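Participant: This one is structure_26.txt, compact mmCIF, C-alpha atoms.
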# COMPACT_ATOMS: atom_id res chain seq x y z
CA MET D 1 26.36 2.39 -9.43
CA PRO D 2 23.63 4.10 -11.53
CA SER D 3 22.25 7.18 -9.83
CA ILE D 4 18.66 8.05 -9.01
CA GLN D 5 17.61 11.23 -10.77
CA ALA D 6 15.58 14.17 -9.45
CA SER D 7 13.52 16.04 -12.04
CA ASP D 8 13.54 19.21 -9.91
CA LYS D 9 15.16 20.47 -6.72
CA LYS D 10 13.52 21.74 -3.55
CA PRO D 11 15.42 23.55 -0.78
CA PHE D 12 15.76 21.47 2.41
CA TYR D 13 14.10 18.49 0.71
CA SER D 14 16.05 15.97 2.83
CA LEU D 15 14.87 17.67 6.03
CA THR D 16 11.21 18.11 5.08
CA LYS D 17 10.38 14.91 3.15
CA ILE D 18 9.33 13.13 6.36
CA TRP D 19 6.21 15.34 6.39
CA ASN D 20 5.43 14.27 2.84
CA PRO D 21 5.60 10.47 3.19
CA ILE D 22 3.92 9.82 -0.17
CA ASN D 23 6.89 11.47 -1.90
CA PHE D 24 10.07 9.55 -2.71
CA GLN D 25 12.10 9.04 0.49
CA GLY D 26 15.21 7.13 -0.62
CA ALA D 27 17.34 9.65 -2.49
CA ASN D 28 20.50 9.00 -0.44
CA ARG D 29 20.18 5.24 0.05
CA LYS D 30 23.03 3.15 -1.38
CA LYS D 31 22.27 -0.38 -0.18
CA LYS D 32 19.57 -2.63 1.30
CA TYR D 33 16.69 -0.37 0.38
CA PHE D 34 13.34 -0.61 -1.37
CA GLU D 35 10.51 1.80 -2.01
CA GLY D 36 7.26 1.06 -3.78
CA TRP D 37 3.81 2.55 -4.38
CA TYR D 38 0.65 0.44 -4.65
CA PHE D 39 -2.13 1.56 -7.02
CA LYS D 40 -5.29 -0.54 -6.94
CA ASN D 41 -7.72 0.09 -9.82
CA VAL D 42 -11.23 -1.39 -10.11
CA SER D 43 -13.55 -0.76 -13.04
CA GLU D 44 -17.13 0.41 -12.46
CA ASN D 45 -18.58 -3.01 -13.35
CA ARG D 46 -15.73 -4.71 -11.43
CA ASP D 47 -14.84 -6.80 -14.46
CA HIS D 48 -11.31 -5.34 -14.43
CA ILE D 49 -9.19 -5.29 -11.26
CA TRP D 50 -5.51 -4.41 -11.55
CA SER D 51 -3.00 -3.46 -8.89
CA ILE D 52 0.12 -1.75 -10.22
CA ILE D 53 3.25 -1.35 -8.09
CA PRO D 54 6.12 0.87 -9.28
CA GLY D 55 9.28 0.98 -7.19
CA ILE D 56 13.02 0.54 -6.77
CA SER D 57 15.26 -2.18 -5.35
CA ILE D 58 18.78 -1.33 -4.13
CA VAL D 59 20.90 -4.19 -2.80
CA ASN D 60 24.63 -3.43 -2.75
CA ASN D 61 25.86 -2.60 -6.23
CA GLN D 62 24.24 -5.83 -7.44
CA ASN D 63 20.93 -6.16 -9.27
CA ASN D 64 19.86 -2.63 -8.41
CA HIS D 65 16.87 -1.77 -10.53
CA ALA D 66 13.54 -0.03 -10.85
CA PHE D 67 10.45 -2.12 -11.47
CA ILE D 68 6.73 -2.08 -12.19
CA GLN D 69 4.79 -5.05 -10.86
CA PHE D 70 1.23 -6.02 -11.88
CA ILE D 71 -1.42 -8.31 -10.41
CA ASN D 72 -4.67 -9.15 -12.18
CA GLY D 73 -7.36 -9.47 -9.52
CA LYS D 74 -9.64 -11.53 -11.74
CA THR D 75 -7.12 -14.18 -12.79
CA ALA D 76 -4.43 -13.85 -10.03
CA GLU D 77 -1.77 -13.54 -12.78
CA THR D 78 1.27 -11.45 -11.86
CA PHE D 79 3.92 -9.74 -13.99
CA TYR D 80 7.23 -8.12 -12.99
CA VAL D 81 9.02 -5.78 -15.40
CA GLU D 82 12.54 -4.53 -14.59
CA PHE D 83 14.14 -1.23 -15.65
CA PRO D 84 17.64 0.18 -15.16
CA LEU D 85 17.80 2.16 -11.92
CA ASP D 86 18.80 5.34 -13.73
CA GLU D 87 15.44 5.29 -15.52
CA PHE D 88 13.79 6.09 -12.18
CA VAL D 89 13.17 9.86 -11.87
CA TYR D 90 11.37 11.60 -8.99
CA SER D 91 10.18 15.07 -8.09
CA GLN D 92 11.22 16.82 -4.87
CA GLU D 93 8.27 19.23 -5.11
CA ASN D 94 5.42 16.72 -4.95
CA PHE D 95 4.60 13.09 -5.58
CA SER D 96 5.66 12.41 -9.14
CA ILE D 97 7.82 9.53 -10.36
CA SER D 98 8.77 8.20 -13.78
CA ILE D 99 10.18 4.81 -14.70
CA GLY D 100 11.18 4.78 -18.34
CA LYS D 101 8.14 5.95 -20.31
CA ASN D 102 5.79 5.32 -17.37
CA ASN D 103 4.60 8.11 -15.07
CA PHE D 104 2.79 8.15 -11.71
CA SER D 105 1.41 11.11 -9.72
CA LEU D 106 -1.56 12.18 -7.60
CA GLN D 107 -3.36 12.98 -10.85
CA GLY D 108 -3.05 9.42 -12.17
CA PHE D 109 -0.61 7.33 -14.18
CA SER D 110 0.34 6.47 -17.73
CA LEU D 111 1.91 3.24 -18.98
CA ASP D 112 3.97 2.45 -22.07
CA ILE D 113 5.55 -1.01 -21.70
CA ASP D 114 6.54 -3.53 -24.36
CA ASP D 115 9.00 -5.79 -22.52
CA ASP D 116 11.10 -8.15 -24.63
CA THR D 117 12.19 -10.21 -21.61
CA THR D 118 8.73 -11.12 -20.27
CA GLY D 119 6.58 -10.40 -23.32
CA PHE D 120 4.39 -8.19 -21.14
CA LYS D 121 2.69 -5.18 -22.74
CA ALA D 122 0.73 -2.31 -21.18
CA LYS D 123 -0.28 1.04 -22.62
CA GLY D 124 -2.75 3.75 -21.65
CA LYS D 125 -3.68 6.37 -19.07
CA VAL D 126 -5.77 6.36 -15.90
CA ARG D 127 -6.76 9.63 -14.23
CA PHE D 128 -7.66 10.20 -10.55
CA GLN D 129 -10.34 12.56 -9.23
CA ASN D 130 -11.48 13.43 -5.68
CA ILE D 131 -8.56 11.77 -3.91
CA HIS D 132 -8.76 11.28 -0.14
CA PRO D 133 -5.22 11.64 1.29
CA LEU D 134 -4.58 11.06 4.98
CA GLY D 135 -2.90 14.42 5.49
CA SER D 136 0.10 15.37 7.61
CA THR D 137 0.62 17.34 10.82
CA LEU D 138 3.75 18.36 12.70
CA LEU D 139 3.57 15.44 15.17
CA ASN D 140 1.78 12.99 12.87
CA PRO D 141 3.50 13.09 9.47
CA GLY D 142 1.47 10.15 8.19
CA ILE D 143 -0.28 6.91 9.05
CA MET D 144 2.62 5.79 11.29
CA GLY D 145 2.17 8.71 13.70
CA TRP D 146 5.20 9.43 15.88
CA TYR D 147 6.85 6.20 14.69
CA SER D 148 7.62 8.17 11.52
CA PHE D 149 10.45 9.84 13.44
CA VAL D 150 12.12 6.53 14.43
CA PRO D 151 15.20 6.21 12.18
CA PHE D 152 15.75 2.44 12.34
CA MET D 153 12.33 1.07 11.33
CA GLU D 154 12.55 -2.06 9.19
CA CYS D 155 9.61 -0.96 7.05
CA ASN D 156 7.63 2.28 6.81
CA HIS D 157 4.06 2.58 5.57
CA GLY D 158 2.24 5.50 3.96
CA LEU D 159 -1.26 6.20 2.66
CA VAL D 160 -1.51 8.04 -0.64
CA SER D 161 -5.30 8.07 -1.19
CA MET D 162 -7.99 6.15 0.68
CA ASP D 163 -10.40 6.45 -2.23
CA HIS D 164 -10.67 8.20 -5.59
CA LYS D 165 -12.60 8.09 -8.83
CA LEU D 166 -11.01 6.70 -11.99
CA SER D 167 -11.23 7.45 -15.68
CA GLY D 168 -9.26 6.21 -18.64
CA ASN D 169 -8.28 2.98 -20.35
CA LEU D 170 -5.44 0.47 -20.23
CA LEU D 171 -4.53 -2.02 -22.94
CA ILE D 172 -2.79 -4.87 -21.10
CA ASN D 173 -1.51 -7.81 -23.13
CA ASP D 174 -3.90 -6.80 -25.93
CA GLN D 175 -6.93 -6.79 -23.57
CA GLU D 176 -8.92 -3.56 -23.15
CA ASN D 177 -9.58 -2.39 -19.58
CA ASN D 178 -11.99 0.54 -19.25
CA PHE D 179 -11.77 2.26 -15.86
CA ALA D 180 -14.29 5.08 -16.52
CA GLY D 181 -16.43 5.43 -13.39
CA GLY D 182 -14.23 3.03 -11.43
CA ARG D 183 -12.60 3.46 -8.02
CA GLY D 184 -8.99 3.47 -6.89
CA TYR D 185 -6.87 3.24 -3.74
CA SER D 186 -3.15 3.84 -3.24
CA GLU D 187 -0.51 3.44 -0.53
CA LYS D 188 3.23 2.81 -0.25
CA ASP D 189 6.06 1.11 1.71
CA TRP D 190 9.76 1.83 2.05
CA GLY D 191 12.70 0.57 4.12
CA HIS D 192 15.00 -2.43 3.84
CA SER D 193 12.62 -5.39 4.34
CA MET D 194 8.96 -6.21 4.73
CA PRO D 195 8.13 -7.75 8.13
CA SER D 196 8.63 -11.48 8.69
CA ALA D 197 4.89 -11.85 9.37
CA TRP D 198 1.92 -9.58 8.65
CA ILE D 199 -1.76 -9.24 7.88
CA TRP D 200 -2.90 -6.59 5.39
CA MET D 201 -6.35 -5.94 4.04
CA GLN D 202 -8.10 -3.12 2.18
CA SER D 203 -11.36 -2.35 0.44
CA ASN D 204 -13.07 0.79 -0.80
CA HIS D 205 -16.01 -1.06 -2.33
CA PHE D 206 -18.80 -0.83 0.22
CA SER D 207 -22.48 0.00 -0.30
CA GLN D 208 -21.86 3.50 1.08
CA ALA D 209 -20.02 5.74 -1.40
CA GLN D 210 -16.62 7.17 -0.45
CA THR D 211 -16.06 4.51 2.19
CA SER D 212 -12.69 2.85 2.58
CA PHE D 213 -11.01 0.53 5.09
CA MET D 214 -7.39 -0.53 5.60
CA LEU D 215 -5.87 -2.72 8.31
CA SER D 216 -2.23 -3.74 8.72
CA VAL D 217 -0.90 -5.93 11.53
CA ALA D 218 2.81 -6.76 11.57
CA LYS D 219 5.73 -8.00 13.62
CA ILE D 220 7.83 -4.89 14.27
CA PRO D 221 11.50 -5.33 15.27
CA TRP D 222 12.21 -3.02 18.19
CA LEU D 223 15.57 -2.62 19.97
CA HIS D 224 16.53 -6.20 20.97
CA GLY D 225 13.05 -7.65 20.55
CA SER D 226 9.81 -7.01 18.69
CA PHE D 227 6.17 -6.09 19.18
CA THR D 228 2.92 -6.49 17.26
CA GLY D 229 2.08 -3.20 15.61
CA PHE D 230 -1.14 -2.34 13.85
CA LEU D 231 -2.64 0.44 11.75
CA CYS D 232 -6.36 0.65 11.05
CA VAL D 233 -7.83 3.48 8.99
CA ILE D 234 -11.49 3.95 8.06
CA LEU D 235 -12.98 6.58 5.75
CA PHE D 236 -16.72 7.04 6.14
CA GLY D 237 -19.10 9.92 6.64
CA GLY D 238 -16.56 12.23 5.03
CA LYS D 239 -13.99 11.70 7.80
CA ILE D 240 -10.88 9.55 8.22
CA HIS D 241 -10.65 7.67 11.54
CA ARG D 242 -7.39 6.16 12.84
CA PHE D 243 -6.89 3.28 15.27
CA ALA D 244 -3.30 2.27 16.05
CA ASN D 245 -0.83 1.54 18.84
CA TYR D 246 0.04 5.22 19.00
CA THR D 247 -3.64 6.33 19.32
CA GLY D 248 -4.13 4.16 22.40
CA ALA D 249 -6.18 1.48 20.60
CA LYS D 250 -5.56 -2.17 21.50
CA LEU D 251 -5.37 -5.27 19.36
CA LYS D 252 -7.47 -7.76 21.32
CA HIS D 253 -7.83 -10.81 19.12
CA ILE D 254 -6.51 -12.51 15.96
CA LEU D 255 -7.97 -15.79 14.74
CA LEU D 256 -6.90 -17.48 11.51
CA LYS D 257 -8.89 -20.45 10.25
CA GLU D 258 -8.18 -21.75 6.76
CA ASP D 259 -8.72 -18.77 4.41
CA VAL D 260 -10.53 -16.57 6.95
CA VAL D 261 -8.93 -14.16 9.42
CA ARG D 262 -10.81 -12.44 12.25
CA VAL D 263 -9.41 -9.41 14.09
CA LYS D 264 -10.77 -7.43 17.07
CA ILE D 265 -9.62 -3.91 17.99
CA GLN D 266 -10.77 -1.68 20.84
CA ASP D 267 -10.16 1.85 22.01
CA LYS D 268 -11.89 3.93 24.72
CA HIS D 269 -15.03 4.38 22.63
CA HIS D 270 -15.19 1.73 19.92
CA ILE D 271 -15.07 -2.01 19.29
CA ILE D 272 -14.07 -3.04 15.76
CA ILE D 273 -14.64 -6.58 14.49
CA VAL D 274 -13.12 -7.47 11.10
CA GLU D 275 -13.48 -10.73 9.21
CA ALA D 276 -11.73 -11.18 5.87
CA LYS D 277 -11.84 -14.12 3.44
CA HIS D 278 -9.28 -14.90 0.74
CA ALA D 279 -10.08 -15.30 -2.96
CA ASP D 280 -7.67 -16.50 -5.64
CA ARG D 281 -4.12 -15.36 -4.90
CA GLY D 282 -1.25 -14.24 -7.08
CA LEU D 283 2.43 -14.33 -6.16
CA LEU D 284 4.12 -10.94 -5.82
CA ALA D 285 7.79 -10.12 -5.35
CA ALA D 286 8.55 -8.53 -1.97
CA PRO D 287 11.76 -7.04 -0.52
CA LEU D 288 14.28 -8.68 1.78
CA ASN D 289 17.27 -6.46 2.57
CA GLY D 290 16.38 -4.40 -0.48
CA ALA D 291 16.33 -7.35 -2.89
CA MET D 292 12.97 -8.34 -4.39
CA ASP D 293 13.66 -12.01 -3.67
CA ARG D 294 10.73 -12.91 -1.43
CA ARG D 295 7.41 -14.22 -2.78
CA ILE D 296 4.10 -13.44 -1.09
CA ALA D 297 0.50 -14.35 -1.97
CA GLU D 298 -2.10 -11.60 -2.39
CA SER D 299 -5.80 -11.60 -3.21
CA ILE D 300 -7.31 -8.45 -4.64
CA ASN D 301 -10.77 -9.95 -5.01
CA ALA D 302 -11.33 -10.92 -1.36
CA THR D 303 -14.19 -9.88 0.96
CA ILE D 304 -14.01 -7.95 4.26
CA ASN D 305 -16.78 -7.63 6.86
CA VAL D 306 -16.30 -4.61 9.17
CA THR D 307 -18.49 -3.85 12.19
CA ILE D 308 -17.90 -0.91 14.54
CA THR D 309 -19.94 -0.52 17.72
CA ASN D 310 -19.74 1.58 20.87
CA TYR D 311 -19.66 0.03 24.33
CA THR D 312 -23.47 0.11 24.62
CA GLY D 313 -23.71 -2.12 21.54
CA GLN D 314 -24.92 0.60 19.19
CA ILE D 315 -23.80 -0.14 15.62
CA ILE D 316 -21.85 2.77 14.15
CA PHE D 317 -20.76 1.03 10.96
CA SER D 318 -21.50 -2.42 9.56
CA GLU D 319 -20.63 -3.18 5.96
CA THR D 320 -19.13 -5.84 3.69
CA GLY D 321 -16.44 -4.69 1.28
CA ASN D 322 -15.54 -6.68 -1.80
CA THR D 323 -12.85 -6.54 -4.49
CA ALA D 324 -10.65 -6.36 -1.39
CA GLY D 325 -6.91 -6.76 -1.05
CA LEU D 326 -5.79 -9.39 1.45
CA GLU D 327 -2.35 -10.70 2.45
CA LEU D 328 -1.66 -13.23 5.22
CA VAL D 329 2.12 -13.62 5.22
CA GLY D 330 4.43 -15.62 7.45
CA ASN D 331 3.70 -17.42 10.71
CA MET D 332 0.73 -15.82 12.48
CA ASP D 333 2.20 -17.06 15.79
CA GLU D 334 4.73 -14.24 15.36
CA LEU D 335 1.88 -11.78 15.97
CA PRO D 336 1.15 -12.19 19.70
CA ILE D 337 -1.53 -9.99 21.27
Translate this structure into structure tokens?

Facilitator:
Amino acid sequence: MPSIQASDKKPFYSLTKIWNPINFQGANRKKKYFEGWYFKNVSENRDHIWSIIPGISIVNNQNNHAFIQFINGKTAETFYVEFPLDEFVYSQENFSISIGKNNFSLQGFSLDIDDDTTGFKAKGKVRFQNIHPLGSTLLNPGIMGWYSFVPFMECNHGLVSMDHKLSGNLLINDQENNFAGGRGYSEKDWGHSMPSAWIWMQSNHFSQAQTSFMLSVAKIPWLHGSFTGFLCVILFGGKIHRFANYTGAKLKHILLKEDVVRVKIQDKHHIIIVEAKHADRGLLAAPLNGAMDRRIAESINATINVTITNYTGQIIFSETGNTAGLELVGNMDELPI
């Protein structure tokens, strides 16, 4: 089996990586494992919307590979480019990965792809500035809170940057994409499979600058059963606010009607109402027992309405985000309140 390469070594990396969830986590995994990072990039005029997903897929000595996946938010076209697994290289010091000639870090990414199999081509560099990471504490290593310490989770989630500025250009299939003055968002997942059913949405294109919203609701296998888990993160006013099972917040309502989903969340002080509407969707490859064999539909040009009030009805936040990511996957009946 081809080995995964580390570009540098850090003492006690295996023991400390849990507190750096954006870094590569799967160095010792040999089967049924995936790990991928999601970089959403929107140009200043919003004429160019590309999400780029580098990652690895490890099955069981069969079809193990690295990949870079692309979705065009304007056309819903998707592209999947495979690489030998031994072309995946990661840093133990910080978040930095390379797949062939392609590099990704907290400073940005560069692409150099001319794939004979698919005919897909991409070349250029995009730089990040003023990133907004979630941060890590001893008891809350990342967005999953204390669930980060549970060893048998089907899928783990991490936030890389809630919002950042973009610069640079990409030439994709001979089309120029200028991202100067644009905005980006990035997150990641790792484990052996994505959930059987989930809702995911994200936007950092609101009227208020440096505002970002992410919500994930999923069926979480737990011991001999399951529960509905959720993560909601909002960046506004210069602060990141978390609402999740582990913070004491409650998921009160999910309603799906045609292409619109409505979600209600409450904690001791806030009521959050979210309504998201699909746009054109592209099919992405998703993991099942490490293999990228599942197909899911994602919009990255959807709209999200978010309203936050207190219990007296005072509006704390009320905005509509566009160029939003939205996934409604599986049977929503598997997400009981």

Participant: What is the atom CA of D:Glu298 to atom CA of D:Leu283 distance in Å?

Facilitator: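 Going from atom CA of D:Glu298 over to atom CA of D:Leu283, I get 6.5 Å.
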
Participant: Here is a test: counting all atoms listed in the file, which residue of D:Asp189, D:Glu258, D:Asp333, D:Asp267 is nearest to D:Ser216?

Facilitator: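 Nearest candidate to D:Ser216 out of D:Asp189, D:Glu258, D:Asp333, D:Asp267: D:Asp189.
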
Participant: When you draw a straight line from atom CA of D:Leu139 to atom CA of D:Ile18, how long is it in Å?

Facilitator: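 Atom CA of D:Ile18 lies 10.8 Å from atom CA of D:Leu139.
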
Participant: Using all atoms listed in the file, which residue out of D:Lys10, D:Lys30, D:His192, D:His132 lies closest to D:Leu235?

Facilitator: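 For D:Leu235, the nearest of the given residues is D:His132.
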
Participant: From the set D:Gln208, D:Asn60, D:Ser14, D:Asn289, which residue has the shortest atom-to-atom contact distance to D:Gly191, counting all atoms listed in the file?

Facilitator: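 Nearest candidate to D:Gly191 out of D:Gln208, D:Asn60, D:Ser14, D:Asn289: D:Asn289.
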
Participant: From the set D:Gly225, D:Gly36, D:Gly73, D:Gly290, which residue has the shortest atom-to-atom contact distance to D:His157, counting only C-alpha atoms?

Facilitator: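 The answer is D:Gly36, which sits nearest to D:His157.
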
Participant: When distances are computed from all atoms listed in the file, which of D:Gly325, D:Pro84, D:Pro21, D:Gly26 shows the smallest separation from D:Ala66?

Facilitator: D:Pro84

Participant: Which distance in Å separates atom CA of D:Asn322 and atom CA of D:Thr309, to one decimal?

Facilitator: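 Result for atom CA of D:Asn322 versus atom CA of D:Thr309: 20.9 Å, one decimal.
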
Participant: Give the answer as one residue: which of D:Glu93, D:Glu82, D:Glu154, D:Asp259 has the shortest atom-to-atom distance to D:Asn63, using only C-alpha atoms?

Facilitator: D:Glu82

Participant: Near stretch 236-245 of chain D, within 7 Å and counting all atoms listed in the file, which residues show up once chain neighbours fewer than 4 positions away are dropped, as a list in words?

Facilitator: Gln210, Thr211, Ser212, Gly229, Phe230, Leu231, Cys232, Ala249 and Lys250 of chain D

Participant: Need the shell around D:Ser136: protein/DNA/RNA residues with any atom at most 8 Å away, counting only C-alpha atoms. Skip same-chain ones fewer than 6 positions apart. Format as a list of chain:residue names?

Facilitator: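 Residues meeting the cut-off are D:Trp19, D:Asn20, D:Gly142.
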
Participant: Could you pull the residues within 10 Å of D:Asp280, counting all atoms listed in the file, minus those fewer than 3 positions along the same chain, as a list in words?

Facilitator: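 Returned residues: Gly73, Lys74, Thr75, Ala76, Glu77, Ala297, Glu298, Ser299, Ile300, Asn301 and Ala302 of chain D.
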
Participant: Can you spit out the residues from that selection as a PDB file, in the coordinates of the input, using C-alpha atoms?

Facilitator:
ATOM      1  CA  GLY D  73      -7.360  -9.470  -9.520  1.00  0.00           C
ATOM      2  CA  LYS D  74      -9.640 -11.530 -11.740  1.00  0.00           C
ATOM      3  CA  THR D  75      -7.120 -14.180 -12.790  1.00  0.00           C
ATOM      4  CA  ALA D  76      -4.430 -13.850 -10.030  1.00  0.00           C
ATOM      5  CA  GLU D  77      -1.770 -13.540 -12.780  1.00  0.00           C
ATOM      6  CA  ALA D 297       0.500 -14.350  -1.970  1.00  0.00           C
ATOM      7  CA  GLU D 298      -2.100 -11.600  -2.390  1.00  0.00           C
ATOM      8  CA  SER D 299      -5.800 -11.600  -3.210  1.00  0.00           C
ATOM      9  CA  ILE D 300      -7.310  -8.450  -4.640  1.00  0.00           C
ATOM     10  CA  ASN D 301     -10.770  -9.950  -5.010  1.00  0.00           C
ATOM     11  CA  ALA D 302     -11.330 -10.920  -1.360  1.00  0.00           C
TER      12      ALA D 302
END

Participant: Identify the residues within 9 Å of coordinate (-15.0, -13.0, 15.6) (same frame as the file), considering only C-alpha atoms, and give the answer as a list in words.

Facilitator: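 Protein, DNA and RNA residues close to (-15.0, -13.0, 15.6): His253, Ile254, Leu255, Val261, Arg262, Val263, Lys264, Ile273, Val274 and Glu275 of chain D.
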
Participant: Need to verify the contact set: stretch 175-178 of chain D, 10 Å, all atoms listed in the file, exclusion of same-chain residues closer than 4 positions in sequence. Can you return it as a PyMOL selection string?

Facilitator: chain D and resi 42-45+47-50+121-124+126+166-171+182

Participant: Would you compute the box with edges along x, y and z of the file around stretch 69-87 of chain D, including every atom the file lists for it and 8 Å extra on each side, and give its centre and edge lengths in Å to one decimal, as JSON?

Facilitator:
{"center_x": 4.6, "center_y": -4.4, "center_z": -12.6, "size_x": 44.4, "size_y": 35.5, "size_z": 22.1}
